[in-house]
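Have a look at final.cif; it's mmCIF, C-alpha atoms:
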```cif
data_model
#
loop_
_atom_site.label_atom_id
_atom_site.label_comp_id
_atom_site.auth_asym_id
_atom_site.auth_seq_id
_atom_site.Cartn_x
_atom_site.Cartn_y
_atom_site.Cartn_z
CA MET A 4 19.98 -14.37 -9.87
CA SER A 5 19.32 -10.88 -11.27
CA ASP A 6 18.05 -8.35 -8.74
CA LYS A 7 15.64 -6.88 -11.26
CA ASP A 8 12.02 -6.97 -10.17
CA PHE A 9 10.42 -10.05 -11.76
CA TYR A 10 7.20 -8.22 -12.53
CA GLN A 11 9.13 -5.50 -14.33
CA VAL A 12 11.14 -8.12 -16.23
CA LEU A 13 7.90 -9.55 -17.63
CA GLY A 14 6.27 -6.13 -17.93
CA VAL A 15 3.23 -6.99 -15.78
CA SER A 16 1.70 -5.49 -12.64
CA ARG A 17 1.95 -7.13 -9.22
CA ASP A 18 -1.72 -8.09 -9.30
CA ALA A 19 -1.45 -9.68 -12.76
CA SER A 20 -3.36 -12.93 -13.19
CA GLU A 21 -1.68 -16.21 -14.09
CA SER A 22 -2.92 -15.93 -17.67
CA GLU A 23 -1.51 -12.40 -17.98
CA ILE A 24 1.87 -13.58 -16.71
CA LYS A 25 1.86 -16.51 -19.12
CA LYS A 26 0.88 -14.27 -22.04
CA ALA A 27 3.62 -11.75 -21.23
CA TYR A 28 6.25 -14.47 -20.98
CA ARG A 29 5.09 -16.11 -24.21
CA LYS A 30 5.46 -12.83 -26.08
CA LEU A 31 8.93 -12.09 -24.71
CA ALA A 32 10.12 -15.68 -25.13
CA VAL A 33 9.23 -15.64 -28.82
CA GLN A 34 11.10 -12.34 -29.22
CA PHE A 35 14.30 -13.34 -27.42
CA HIS A 36 14.47 -17.09 -27.99
CA PRO A 37 18.02 -18.12 -29.02
CA ASP A 38 16.70 -19.93 -32.11
CA LYS A 39 15.49 -16.58 -33.42
CA ASN A 40 18.66 -14.77 -32.31
CA PRO A 41 21.58 -17.09 -33.13
CA GLY A 42 24.86 -15.83 -31.70
CA ASN A 43 23.23 -12.91 -29.90
CA LYS A 44 24.53 -13.10 -26.32
CA GLU A 45 22.39 -10.18 -25.17
CA ALA A 46 19.21 -11.89 -26.38
CA GLU A 47 20.32 -15.13 -24.73
CA GLU A 48 20.83 -13.40 -21.37
CA LYS A 49 17.48 -11.65 -21.73
CA PHE A 50 15.81 -14.98 -22.45
CA LYS A 51 17.36 -16.51 -19.31
CA GLU A 52 16.21 -13.50 -17.29
CA ILE A 53 12.57 -13.64 -18.38
CA SER A 54 12.56 -17.43 -17.99
CA ALA A 55 13.82 -17.18 -14.41
CA ALA A 56 11.16 -14.56 -13.66
CA PHE A 57 8.42 -16.73 -15.18
CA ASP A 58 9.56 -19.78 -13.23
CA ILE A 59 8.89 -17.91 -9.99
CA LEU A 60 5.71 -16.04 -10.90
CA LYS A 61 3.92 -18.95 -12.62
CA ASP A 62 4.12 -21.04 -9.44
CA PRO A 63 1.62 -19.76 -6.79
CA GLU A 64 3.79 -20.94 -3.89
CA LYS A 65 7.00 -19.43 -5.26
CA ARG A 66 5.15 -16.25 -6.20
CA ALA A 67 3.80 -15.89 -2.66
CA LYS A 68 7.31 -16.21 -1.23
CA TYR A 69 8.62 -13.68 -3.74
CA ASP A 70 5.82 -11.25 -2.90
CA GLN A 71 6.68 -11.62 0.79
CA PHE A 72 10.45 -11.52 0.77
CA GLY A 73 11.54 -10.56 -2.74
CA HIS A 74 14.75 -12.06 -4.09
CA ASP A 75 15.89 -12.95 -0.55
CA ALA A 76 13.45 -15.88 -0.60
CA PHE A 77 15.51 -17.62 -3.28
CA ARG A 78 19.09 -16.87 -2.33
CA GLY A 79 21.41 -19.34 -0.70
CA GLY A 80 20.70 -22.34 -2.88
CA HIS A 81 17.10 -21.54 -3.69
CA SER A 82 17.75 -19.35 -6.68
CA ALA A 83 15.83 -19.66 -9.88
CA GLY A 84 19.12 -19.30 -11.72
CA GLY A 85 19.52 -23.07 -11.97
CA VAL A 86 16.37 -23.48 -14.05
CA ASP A 87 16.80 -24.53 -17.63
CA PRO A 88 15.07 -21.76 -19.62
CA PHE A 89 14.52 -24.08 -22.55
CA ASP A 90 12.50 -26.39 -20.31
CA LEU A 91 10.42 -23.39 -19.27
CA PHE A 92 9.90 -22.50 -22.91
CA ARG A 93 8.65 -26.00 -23.63
CA ASP A 94 6.47 -25.86 -20.51
CA VAL A 95 4.62 -22.69 -21.40
CA PHE A 96 4.23 -23.52 -25.08
CA GLY A 97 3.34 -27.17 -24.60
CA GLY A 98 4.89 -30.12 -26.36
CA GLY A 99 5.48 -32.40 -23.37
CA GLY A 100 9.28 -32.36 -23.70
CA GLY A 101 9.23 -32.42 -27.46
CA GLY A 102 9.85 -28.69 -27.58
CA GLY A 103 6.82 -27.99 -29.83
CA PHE A 104 4.89 -24.75 -30.10
CA GLY A 105 1.43 -26.26 -29.94
CA SER A 106 -0.38 -24.09 -27.48
CA ILE A 107 0.87 -20.76 -28.73
CA PHE A 108 -0.62 -21.49 -32.17
CA GLU A 109 -3.79 -22.78 -30.56
CA ASP A 110 -4.23 -19.54 -28.65
CA PHE A 111 -3.41 -17.29 -31.58
CA PHE A 112 -5.52 -19.11 -34.13
CA GLY A 113 -8.51 -20.02 -31.98
CA GLY A 114 -7.81 -23.66 -31.06
CA GLY A 115 -7.52 -25.16 -27.60
CA SER A 116 -9.67 -24.63 -24.53
CA SER A 117 -10.63 -21.18 -23.29
CA GLY A 118 -11.57 -22.36 -19.81
CA SER A 119 -14.98 -22.61 -18.19
CA ALA A 120 -16.96 -19.52 -17.23
CA SER A 121 -18.47 -21.55 -14.39
CA GLU A 122 -15.24 -21.04 -12.47
CA GLY A 123 -16.29 -17.39 -12.04
CA ILE A 124 -14.42 -14.13 -12.27
CA ARG A 125 -11.71 -13.74 -9.66
CA GLY A 126 -12.06 -10.85 -7.24
CA ASN A 127 -9.57 -8.01 -7.06
CA ASP A 128 -6.44 -8.18 -4.96
CA LEU A 129 -6.35 -5.59 -2.18
CA ARG A 130 -3.44 -3.72 -0.64
CA VAL A 131 -3.07 -2.26 2.85
CA THR A 132 -0.16 -0.74 4.76
CA VAL A 133 0.84 -1.45 8.36
CA SER A 134 3.54 0.33 10.38
CA ILE A 135 5.60 -1.39 13.08
CA SER A 136 8.46 -0.35 15.36
CA LEU A 137 12.03 -1.57 15.00
CA GLU A 138 11.57 -3.57 18.20
CA GLN A 139 8.54 -5.32 16.70
CA ALA A 140 10.48 -6.01 13.51
CA ALA A 141 13.23 -7.59 15.62
CA LYS A 142 10.94 -9.91 17.59
CA GLY A 143 8.09 -10.46 15.14
CA VAL A 144 4.53 -9.37 15.84
CA GLU A 145 0.94 -10.27 15.04
CA LYS A 146 -1.14 -7.36 13.78
CA GLU A 147 -4.89 -7.17 13.36
CA ILE A 148 -5.72 -5.28 10.19
CA LYS A 149 -9.14 -3.76 9.61
CA TYR A 150 -10.19 -3.03 6.04
CA SER A 151 -13.15 -3.17 3.63
CA ARG A 152 -13.68 -5.75 0.92
CA HIS A 153 -16.40 -7.27 -1.24
CA GLN A 154 -17.95 -10.40 0.20
CA ALA A 155 -20.73 -12.70 -0.97
CA CYS A 156 -24.15 -11.08 -0.65
CA SER A 157 -25.94 -12.59 2.35
CA LYS A 158 -29.38 -12.09 0.80
CA CYS A 159 -28.76 -14.09 -2.38
CA ASP A 160 -25.85 -16.23 -1.13
CA GLY A 161 -23.63 -14.69 -3.78
CA THR A 162 -25.73 -15.83 -6.75
CA GLY A 163 -26.85 -12.32 -7.72
CA SER A 164 -30.40 -13.62 -8.28
CA SER A 165 -33.43 -12.65 -6.20
CA ASP A 166 -34.78 -16.21 -6.34
CA LYS A 167 -31.33 -17.88 -6.55
CA SER A 168 -32.33 -19.69 -9.73
CA SER A 169 -33.32 -17.11 -12.36
CA LYS A 170 -30.13 -17.48 -14.33
CA THR A 171 -29.97 -18.19 -18.05
CA MET A 172 -27.07 -18.84 -20.37
CA CYS A 173 -25.68 -15.80 -22.11
CA HIS A 174 -26.60 -16.04 -25.78
CA THR A 175 -23.81 -13.70 -26.87
CA CYS A 176 -21.00 -16.02 -25.78
CA GLY A 177 -22.93 -19.27 -25.41
CA GLY A 178 -22.02 -19.54 -21.73
CA VAL A 179 -18.28 -19.45 -22.36
CA GLY A 180 -17.75 -15.95 -20.99
CA GLN A 181 -15.61 -14.92 -23.96
CA VAL A 182 -16.25 -13.84 -27.52
CA ALA A 183 -13.85 -14.17 -30.43
CA SER A 184 -13.21 -11.66 -33.19
CA ASN A 185 -11.27 -12.46 -36.35
CA GLN A 186 -8.59 -10.09 -37.59
CA GLY A 187 -7.39 -11.60 -40.81
CA PHE A 188 -6.35 -15.14 -39.97
CA ILE A 189 -5.88 -14.38 -36.26
CA SER A 190 -8.66 -15.01 -33.74
CA ILE A 191 -8.62 -12.84 -30.61
CA ARG A 192 -10.68 -13.65 -27.54
CA ARG A 193 -12.18 -10.97 -25.30
CA THR A 194 -14.42 -10.91 -22.23
CA CYS A 195 -18.05 -11.07 -23.24
CA PRO A 196 -19.55 -7.55 -22.96
CA THR A 197 -23.04 -8.89 -22.25
CA CYS A 198 -22.34 -11.08 -19.21
CA ASN A 199 -18.93 -9.61 -18.25
CA GLY A 200 -17.35 -13.03 -18.44
CA SER A 201 -19.77 -14.90 -16.19
CA GLY A 202 -21.40 -16.85 -19.03
CA SER A 203 -24.89 -16.26 -17.67
CA ILE A 204 -27.56 -13.58 -17.41
CA ILE A 205 -29.53 -12.81 -14.22
CA GLU A 206 -33.21 -12.34 -15.07
CA ASN A 207 -34.31 -11.19 -11.60
CA PRO A 208 -31.34 -9.43 -9.95
CA CYS A 209 -31.02 -9.38 -6.18
CA THR A 210 -32.12 -5.97 -4.87
CA SER A 211 -29.42 -5.97 -2.21
CA CYS A 212 -26.42 -6.38 -4.53
CA SER A 213 -28.03 -5.35 -7.85
CA GLY A 214 -27.26 -8.77 -9.30
CA GLU A 215 -23.51 -8.61 -8.64
CA GLY A 216 -23.64 -11.28 -5.95
CA ARG A 217 -21.43 -9.35 -3.53
CA THR A 218 -21.53 -6.36 -1.21
CA LYS A 219 -18.79 -4.34 0.44
CA ASN A 220 -18.34 -4.90 4.16
CA SER A 221 -15.84 -4.22 6.92
CA ASP A 222 -13.52 -7.09 7.76
CA SER A 223 -10.38 -7.80 9.75
CA VAL A 224 -7.53 -10.27 9.55
CA LYS A 225 -4.62 -11.13 11.83
CA VAL A 226 -1.28 -11.10 10.02
CA LYS A 227 1.88 -12.61 11.51
CA ILE A 228 4.86 -10.40 10.70
CA PRO A 229 8.07 -12.46 10.93
CA ALA A 230 11.12 -11.43 12.96
CA GLY A 231 13.78 -9.70 10.88
CA ILE A 232 11.39 -8.25 8.31
CA ASN A 233 12.75 -5.29 6.36
CA ASP A 234 11.17 -1.94 5.69
CA ASN A 235 8.86 -1.87 2.64
CA SER A 236 8.45 -5.66 2.63
CA ARG A 237 5.20 -7.15 1.34
CA LEU A 238 3.24 -10.03 2.85
CA CYS A 239 0.39 -11.88 1.18
CA SER A 240 -2.76 -13.30 2.77
CA ARG A 241 -4.31 -15.63 0.21
CA GLY A 242 -8.06 -15.38 -0.37
CA ARG A 243 -8.51 -12.29 1.81
CA GLY A 244 -9.12 -9.90 -1.08
CA ASP A 245 -12.39 -9.10 -2.85
CA ALA A 246 -14.87 -11.86 -3.62
CA GLY A 247 -15.45 -12.37 -7.32
CA PRO A 248 -18.87 -11.49 -8.77
CA ARG A 249 -21.52 -14.21 -8.33
CA ASN A 250 -19.48 -16.52 -6.14
CA GLY A 251 -16.28 -16.06 -8.12
CA PRO A 252 -12.94 -16.85 -6.43
CA PHE A 253 -11.50 -14.44 -3.88
CA GLY A 254 -8.53 -12.24 -4.65
CA ASP A 255 -5.61 -11.86 -2.27
CA LEU A 256 -4.70 -9.27 0.34
CA TYR A 257 -1.23 -7.73 0.14
CA VAL A 258 0.17 -6.14 3.29
CA ASP A 259 2.96 -3.60 2.85
CA VAL A 260 5.05 -3.43 6.01
CA GLN A 261 6.74 -0.18 6.96
CA VAL A 262 9.31 -0.19 9.78
CA LYS A 263 9.40 3.14 11.59
CA SER A 264 12.67 4.98 12.07
CA HIS A 265 14.27 4.65 15.51
CA ASP A 266 15.56 7.37 17.84
CA LEU A 267 18.81 5.50 18.63
CA PHE A 268 19.50 2.99 15.88
CA GLU A 269 20.11 3.09 12.16
CA ARG A 270 19.64 -0.18 10.29
CA ASP A 271 21.56 -1.70 7.39
CA GLU A 272 20.20 -5.17 6.55
CA ASP A 273 20.78 -7.17 9.75
CA ASP A 274 23.25 -4.75 11.36
CA LEU A 275 22.43 -1.82 13.64
CA PHE A 276 24.39 1.40 14.16
CA GLN A 277 24.31 3.99 16.90
CA GLU A 278 26.36 6.90 18.25
CA ILE A 279 27.17 7.53 21.91
CA PHE A 280 28.81 10.56 23.52
CA ILE A 281 31.63 9.93 26.01
CA PRO A 282 33.59 12.46 28.14
CA PHE A 283 37.04 13.35 26.79
CA THR A 284 38.50 12.28 30.13
CA LEU A 285 37.06 8.79 29.65
CA ALA A 286 38.41 8.68 26.09
CA THR A 287 41.84 9.71 27.41
CA LEU A 288 42.07 7.56 30.52
CA GLY A 289 39.86 4.63 29.47
CA GLY A 290 36.99 3.04 31.35
CA THR A 291 33.53 1.63 30.67
CA VAL A 292 30.25 3.03 29.43
CA GLU A 293 26.75 1.60 28.99
CA ALA A 294 25.45 1.13 25.44
CA ALA A 295 21.82 0.52 24.58
CA THR A 296 20.72 -2.50 22.53
CA LEU A 297 17.32 -3.83 21.51
CA ASP A 298 17.66 -6.34 24.37
CA GLY A 299 18.68 -3.82 27.06
CA LYS A 300 21.93 -2.17 28.08
CA VAL A 301 25.41 -3.71 27.83
CA THR A 302 28.74 -2.57 29.24
CA LEU A 303 31.21 -1.35 26.61
CA LYS A 304 34.91 -1.10 27.44
CA ILE A 305 36.60 2.10 26.25
CA PRO A 306 40.41 1.73 25.92
CA ALA A 307 42.65 4.59 27.02
CA GLY A 308 43.43 6.99 24.18
CA THR A 309 40.26 6.26 22.21
CA PRO A 310 40.00 8.76 19.30
CA CYS A 311 36.79 10.44 18.20
CA ASN A 312 34.59 8.39 15.82
CA LYS A 313 36.12 5.11 16.96
CA THR A 314 33.59 2.36 16.18
CA PHE A 315 33.12 -0.67 18.42
CA ARG A 316 31.47 -3.90 17.27
CA ILE A 317 29.13 -5.78 19.57
CA ARG A 318 28.38 -9.19 18.07
CA ASP A 319 24.87 -10.66 17.79
CA LYS A 320 23.12 -7.50 19.02
CA GLY A 321 21.69 -6.54 15.64
CA MET A 322 18.53 -7.72 13.87
CA PRO A 323 17.61 -11.39 13.36
CA ASN A 324 18.05 -12.71 9.85
CA LEU A 325 14.71 -13.04 8.09
CA ARG A 326 15.46 -16.50 6.66
CA SER A 327 17.32 -17.71 9.75
CA PRO A 328 16.03 -15.85 12.85
CA SER A 329 18.50 -17.64 15.15
CA HIS A 330 21.33 -15.77 13.40
CA LYS A 331 21.63 -12.09 14.23
CA GLY A 332 23.56 -9.19 12.83
CA ASP A 333 25.91 -7.01 14.88
CA LEU A 334 25.61 -3.65 16.63
CA TYR A 335 28.19 -1.00 15.73
CA VAL A 336 28.70 1.77 18.29
CA LYS A 337 30.52 4.96 17.26
CA ALA A 338 32.09 6.88 20.14
CA ILE A 339 31.78 10.67 19.85
CA ILE A 340 34.05 12.69 22.19
CA ASP A 341 32.03 15.16 24.22
CA VAL A 342 34.34 18.19 24.65
CA PRO A 343 33.20 20.43 27.56
CA GLN A 344 31.98 23.84 26.47
CA ASN A 345 31.51 25.71 29.76
CA LEU A 346 34.35 25.29 32.26
CA ASN A 347 34.61 27.20 35.51
CA LYS A 348 37.78 29.05 36.41
CA GLU A 349 39.21 26.21 38.50
CA GLN A 350 38.56 23.54 35.83
CA ARG A 351 40.11 25.73 33.13
CA GLN A 352 43.23 26.41 35.19
CA LYS A 353 43.74 22.69 35.82
CA LEU A 354 43.58 22.04 32.09
CA VAL A 355 46.09 24.84 31.46
CA ASP A 356 48.40 23.36 34.07
CA PHE A 357 47.99 19.97 32.43
CA GLY A 358 48.90 21.45 29.06
CA LEU A 359 51.98 23.15 30.49
CA SER A 360 53.06 19.89 32.11
CA CYS A 361 52.83 18.26 28.69
CA GLY A 362 55.14 20.88 27.20
CA GLU A 363 52.40 23.01 25.63
CA LYS A 364 53.87 26.57 25.34
CA ASP A 365 51.24 28.42 23.29
CA ILE A 366 48.33 28.63 25.71
CA GLY A 367 46.30 31.81 25.31
CA GLU A 368 42.76 33.02 24.73
CA ASP A 369 42.82 32.29 21.00
CA SER A 370 45.02 29.22 21.15
CA SER A 371 44.09 27.60 24.41
CA ILE A 372 44.64 24.01 25.39
CA LEU A 373 40.87 23.64 25.24
CA ASN A 374 40.74 24.65 21.60
CA LYS A 375 43.63 22.34 20.80
CA ALA A 376 41.98 19.54 22.71
CA LYS A 377 38.74 20.20 20.88
CA ARG A 378 40.49 20.09 17.50
CA PHE A 379 42.28 16.91 18.49
CA PHE A 380 39.19 15.06 19.58
CA GLU A 381 37.26 16.25 16.53
CA GLY A 382 40.02 14.83 14.35
CA ASP A 383 41.50 18.13 13.08
CA GLY A 384 44.87 17.96 14.80
#
```
Mind converting the file's structure to structure tokens?
Amino acid sequence: MSDKDFYQVLGVSRDASESEIKKAYRKLAVQFHPDKNPGNKEAEEKFKEISAAFDILKDPEKRAKYDQFGHDAFRGGHSAGGVDPFDLFRDVFGGGGGGGFGSIFEDFFGGGSSGSASEGIRGNDLRVTVSISLEQAAKGVEKEIKYSRHQACSKCDGTGSSDKSSKTMCHTCGGVGQVASNQGFISIRRTCPTCNGSGSIIENPCTSCSGEGRTKNSDSVKVKIPAGINDNSRLCSRGRGDAGPRNGPFGDLYVDVQVKSHDLFERDEDDLFQEIFIPFTLATLGGTVEAATLDGKVTLKIPAGTPCNKTFRIRDKGMPNLRSPSHKGDLYVKAIIDVPQNLNKEQRQKLVDFGLSCGEKDIGEDSSILNKAKRFFEGDG
């Protein structure tokens, strides 16, 4: 599966409606279909790419998973790469397996059904951001999010009418909610400017909502953030966006999750990394040291003669895998040698004696055993 963003592949925004996604795919599929580009491998690959993107985004359940977890939701045997793009082409254009182009011509030339305005105009999707700690990302957390959204007007029950019945059919569109204009032999449909797509006119608008059927109020929702979630991930709460005008369907609420940086750990996918400082005597003679993990401290064995920047791997002490929380990444600990900077006279003399016992001849102010030791443990000699 390509790692390109599916919305970018189709050239639509993340809050695009199903009809906008279908329209974008239809346009690109006509342009890059292999029948129109015989022998063009680039066009064939492009067609497969847009078909795979459409297969995910046209399905509400798949789209929700993609919005939550991105391409990770379809890796490991769940990729859209196995979809036959020609079947998708037949699906969006109609033909019931015959491969015809019925519905595209119906849409372009004015045939087919335009849908019922009684379904209402869908409300806007909303987007909020929530920040969590690395520890919360590792264990999962439930967050209560407070935000504002349009909800059905309590005074008119969302009808927009002061008496809940003073509604007449829009004479501009005949109650359809759309008007058609002919450009040559092509008929193009647009939202009716008189009723704004509702198909009806309110004669006595509600004074509370001015006939819109909705008012903006404060609301809250509890969102479960799964263990192993990555920084800049997006979750979706269906139906928690704005209410549509006059009892139209609700939009969705998208929650962008930001994982705060940590004082000790750096993260790379499921693995964690940290640095610890150890005395040069411990690095030379060996021993043990305590290393911090998200679950508490563990004892790390330091072999004798450990060089600076030596990295130790502690298995299963990283982050849980988002798709399989029982599997965890690893923790990598880099040992940094802490060379003493301020020795007293006795400590310095013992180090000089040690250097002489090792055959070190050039021990002076500018070329002391300490400087040589420092260069050694910093990897310069």
Around all listed atoms of stretch 299-306 of chain A, padded 5 Å per side, what centre and edge lengths does the axis-aligned box have in Å to one decimal, as lines of an AutoDock Vina configuration file?
```
center_x = 29.5
center_y = -0.9
center_z = 27.6
size_x = 31.7
size_y = 15.9
size_z = 13.3
```
Applying the PyMOL selection byres ((chain A and resi 210) around 10) to the file I just gave you, which residues come out? Please list them as an mmCIF file with C-alpha atoms, keeping the file's coordinate frame.
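Final output, saved to expr_37.cif:
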```
data_model
loop_
_atom_site.group_PDB
_atom_site.id
_atom_site.type_symbol
_atom_site.label_atom_id
_atom_site.label_comp_id
_atom_site.auth_asym_id
_atom_site.auth_seq_id
_atom_site.Cartn_x
_atom_site.Cartn_y
_atom_site.Cartn_z
ATOM 1 C CA LYS A 158 -29.380 -12.090 0.800
ATOM 2 C CA CYS A 159 -28.760 -14.090 -2.380
ATOM 3 C CA GLY A 163 -26.850 -12.320 -7.720
ATOM 4 C CA SER A 164 -30.400 -13.620 -8.280
ATOM 5 C CA SER A 165 -33.430 -12.650 -6.200
ATOM 6 C CA ASN A 207 -34.310 -11.190 -11.600
ATOM 7 C CA PRO A 208 -31.340 -9.430 -9.950
ATOM 8 C CA CYS A 209 -31.020 -9.380 -6.180
ATOM 9 C CA SER A 211 -29.420 -5.970 -2.210
ATOM 10 C CA CYS A 212 -26.420 -6.380 -4.530
ATOM 11 C CA SER A 213 -28.030 -5.350 -7.850
ATOM 12 C CA GLY A 214 -27.260 -8.770 -9.300
ATOM 13 C CA GLU A 215 -23.510 -8.610 -8.640
#
```
Counting all atoms listed in the file, which of A:Ala246, A:Val182, A:Ile53, A:Val336 gets nearest to A:Gly161?
-> A:Ala246
Got a sec: who's within 12 Å of A:Lys337, counting all atoms listed in the file, leaving out chain neighbours fewer than 4 positions off, as a list in words?
-> Leu267, Phe268, Glu269, Leu275, Phe276, Gln277, Glu278, Ile279, Phe280, Ile281, Ala294, Leu303, Ile305, Thr309, Pro310, Cys311, Asn312, Lys313, Thr314, Phe315, Arg316 and Ile317 of chain A
Keeping only C-alpha atoms, take the residues you just selected and write them out as a CSV table (one decimal), keeping the file's coordinate frame.
```
chain,number,residue,atom,x,y,z
A,267,LEU,CA,18.8,5.5,18.6
A,268,PHE,CA,19.5,3.0,15.9
A,269,GLU,CA,20.1,3.1,12.2
A,275,LEU,CA,22.4,-1.8,13.6
A,276,PHE,CA,24.4,1.4,14.2
A,277,GLN,CA,24.3,4.0,16.9
A,278,GLU,CA,26.4,6.9,18.2
A,279,ILE,CA,27.2,7.5,21.9
A,280,PHE,CA,28.8,10.6,23.5
A,281,ILE,CA,31.6,9.9,26.0
A,294,ALA,CA,25.4,1.1,25.4
A,303,LEU,CA,31.2,-1.4,26.6
A,305,ILE,CA,36.6,2.1,26.2
A,309,THR,CA,40.3,6.3,22.2
A,310,PRO,CA,40.0,8.8,19.3
A,311,CYS,CA,36.8,10.4,18.2
A,312,ASN,CA,34.6,8.4,15.8
A,313,LYS,CA,36.1,5.1,17.0
A,314,THR,CA,33.6,2.4,16.2
A,315,PHE,CA,33.1,-0.7,18.4
A,316,ARG,CA,31.5,-3.9,17.3
A,317,ILE,CA,29.1,-5.8,19.6
```
What's the 8 Å shell around stretch 251-255 of chain A, counting only C-alpha atoms, without same-chain residues fewer than 5 positions away, as a list in words?
->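 Selected residues are Glu122, Gly123, Ile124, Arg125, Gly126, Asn127, Asp128, Leu129, Cys239, Ser240, Arg241, Gly242, Arg243, Gly244, Asp245 and Ala246 of chain A.
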Expected file: the selected residues, C-alpha atoms, as a PDB file, in the frame of the given file:
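Everything below was put into again_25.pdb:
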```pdb
ATOM      1  CA  GLU A 122     -15.240 -21.040 -12.470  1.00  0.00           C
ATOM      2  CA  GLY A 123     -16.290 -17.390 -12.040  1.00  0.00           C
ATOM      3  CA  ILE A 124     -14.420 -14.130 -12.270  1.00  0.00           C
ATOM      4  CA  ARG A 125     -11.710 -13.740  -9.660  1.00  0.00           C
ATOM      5  CA  GLY A 126     -12.060 -10.850  -7.240  1.00  0.00           C
ATOM      6  CA  ASN A 127      -9.570  -8.010  -7.060  1.00  0.00           C
ATOM      7  CA  ASP A 128      -6.440  -8.180  -4.960  1.00  0.00           C
ATOM      8  CA  LEU A 129      -6.350  -5.590  -2.180  1.00  0.00           C
ATOM      9  CA  CYS A 239       0.390 -11.880   1.180  1.00  0.00           C
ATOM     10  CA  SER A 240      -2.760 -13.300   2.770  1.00  0.00           C
ATOM     11  CA  ARG A 241      -4.310 -15.630   0.210  1.00  0.00           C
ATOM     12  CA  GLY A 242      -8.060 -15.380  -0.370  1.00  0.00           C
ATOM     13  CA  ARG A 243      -8.510 -12.290   1.810  1.00  0.00           C
ATOM     14  CA  GLY A 244      -9.120  -9.900  -1.080  1.00  0.00           C
ATOM     15  CA  ASP A 245     -12.390  -9.100  -2.850  1.00  0.00           C
ATOM     16  CA  ALA A 246     -14.870 -11.860  -3.620  1.00  0.00           C
TER      17      ALA A 246
END
```
Hey, what's within 10 Å of A:Tyr69 if we count only C-alpha atoms and toss same-chain stuff fewer than 5 positions away? As a short mmCIF file (atom, residue, chain, number, x, y, z; two decimals) with C-alpha atoms, in the coordinates of the input, please?
```cif
data_model
loop_
_atom_site.label_atom_id
_atom_site.label_comp_id
_atom_site.auth_asym_id
_atom_site.auth_seq_id
_atom_site.Cartn_x
_atom_site.Cartn_y
_atom_site.Cartn_z
CA ASP A 8 12.02 -6.97 -10.17
CA PHE A 9 10.42 -10.05 -11.76
CA ILE A 59 8.89 -17.91 -9.99
CA LEU A 60 5.71 -16.04 -10.90
CA PRO A 63 1.62 -19.76 -6.79
CA GLU A 64 3.79 -20.94 -3.89
CA HIS A 74 14.75 -12.06 -4.09
CA ASP A 75 15.89 -12.95 -0.55
CA ALA A 76 13.45 -15.88 -0.60
CA PHE A 77 15.51 -17.62 -3.28
CA ARG A 237 5.20 -7.15 1.34
CA LEU A 238 3.24 -10.03 2.85
CA CYS A 239 0.39 -11.88 1.18
#
```
Evaluate the PyMOL selection byres ((chain A and resi 171) around 8) and report residues as a list in words |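 After applying the PyMOL selection byres ((chain A and resi 171) around 8), what remains is Ser169, Lys170, Met172, Cys173, Ser203, Ile204, Ile205 and Glu206 of chain A.
Each of A:Lys149, A:Lys304, A:Leu354, A:Glu349 was checked against A:Val258 using all atoms listed in the file; the smallest atom-to-atom distance is that of A:Lys149.
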Would you write out, as number ranges by chain, every residue that the PyMOL selection byres ((chain A and resi 14) around 12) captures in this file?
-> A: 7-13, 15-19, 23-31, 53, 56-57
What is the atom CA of A:Arg66-atom CA of A:Ser20 distance in Å, reported with one decimal?
->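 Result for atom CA of A:Arg66 versus atom CA of A:Ser20: 11.5 Å, one decimal.
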Reconstructed stretch 45-50 of chain A, atom set N, CA, C and O atoms, as a PDB file, keeping the file's coordinate frame:
```pdb
ATOM      1  N   GLU A  45      23.296 -11.055 -25.909  1.00  0.00           N
ATOM      2  CA  GLU A  45      22.390 -10.180 -25.170  1.00  0.00           C
ATOM      3  C   GLU A  45      20.976 -10.762 -25.146  1.00  0.00           C
ATOM      4  O   GLU A  45      20.304 -10.764 -24.115  1.00  0.00           O
ATOM      5  N   ALA A  46      20.537 -11.270 -26.310  1.00  0.00           N
ATOM      6  CA  ALA A  46      19.210 -11.890 -26.380  1.00  0.00           C
ATOM      7  C   ALA A  46      19.166 -13.158 -25.535  1.00  0.00           C
ATOM      8  O   ALA A  46      18.153 -13.449 -24.889  1.00  0.00           O
ATOM      9  N   GLU A  47      20.267 -13.900 -25.521  1.00  0.00           N
ATOM     10  CA  GLU A  47      20.320 -15.130 -24.730  1.00  0.00           C
ATOM     11  C   GLU A  47      20.199 -14.832 -23.239  1.00  0.00           C
ATOM     12  O   GLU A  47      19.459 -15.517 -22.518  1.00  0.00           O
ATOM     13  N   GLU A  48      20.912 -13.783 -22.777  1.00  0.00           N
ATOM     14  CA  GLU A  48      20.830 -13.400 -21.370  1.00  0.00           C
ATOM     15  C   GLU A  48      19.431 -12.901 -21.019  1.00  0.00           C
ATOM     16  O   GLU A  48      18.898 -13.180 -19.945  1.00  0.00           O
ATOM     17  N   LYS A  49      18.838 -12.147 -21.955  1.00  0.00           N
ATOM     18  CA  LYS A  49      17.480 -11.650 -21.730  1.00  0.00           C
ATOM     19  C   LYS A  49      16.502 -12.810 -21.629  1.00  0.00           C
ATOM     20  O   LYS A  49      15.591 -12.801 -20.783  1.00  0.00           O
ATOM     21  N   PHE A  50      16.695 -13.820 -22.469  1.00  0.00           N
ATOM     22  CA  PHE A  50      15.810 -14.980 -22.450  1.00  0.00           C
ATOM     23  C   PHE A  50      15.925 -15.727 -21.116  1.00  0.00           C
ATOM     24  O   PHE A  50      14.918 -16.162 -20.537  1.00  0.00           O
TER      25      PHE A  50
END
```
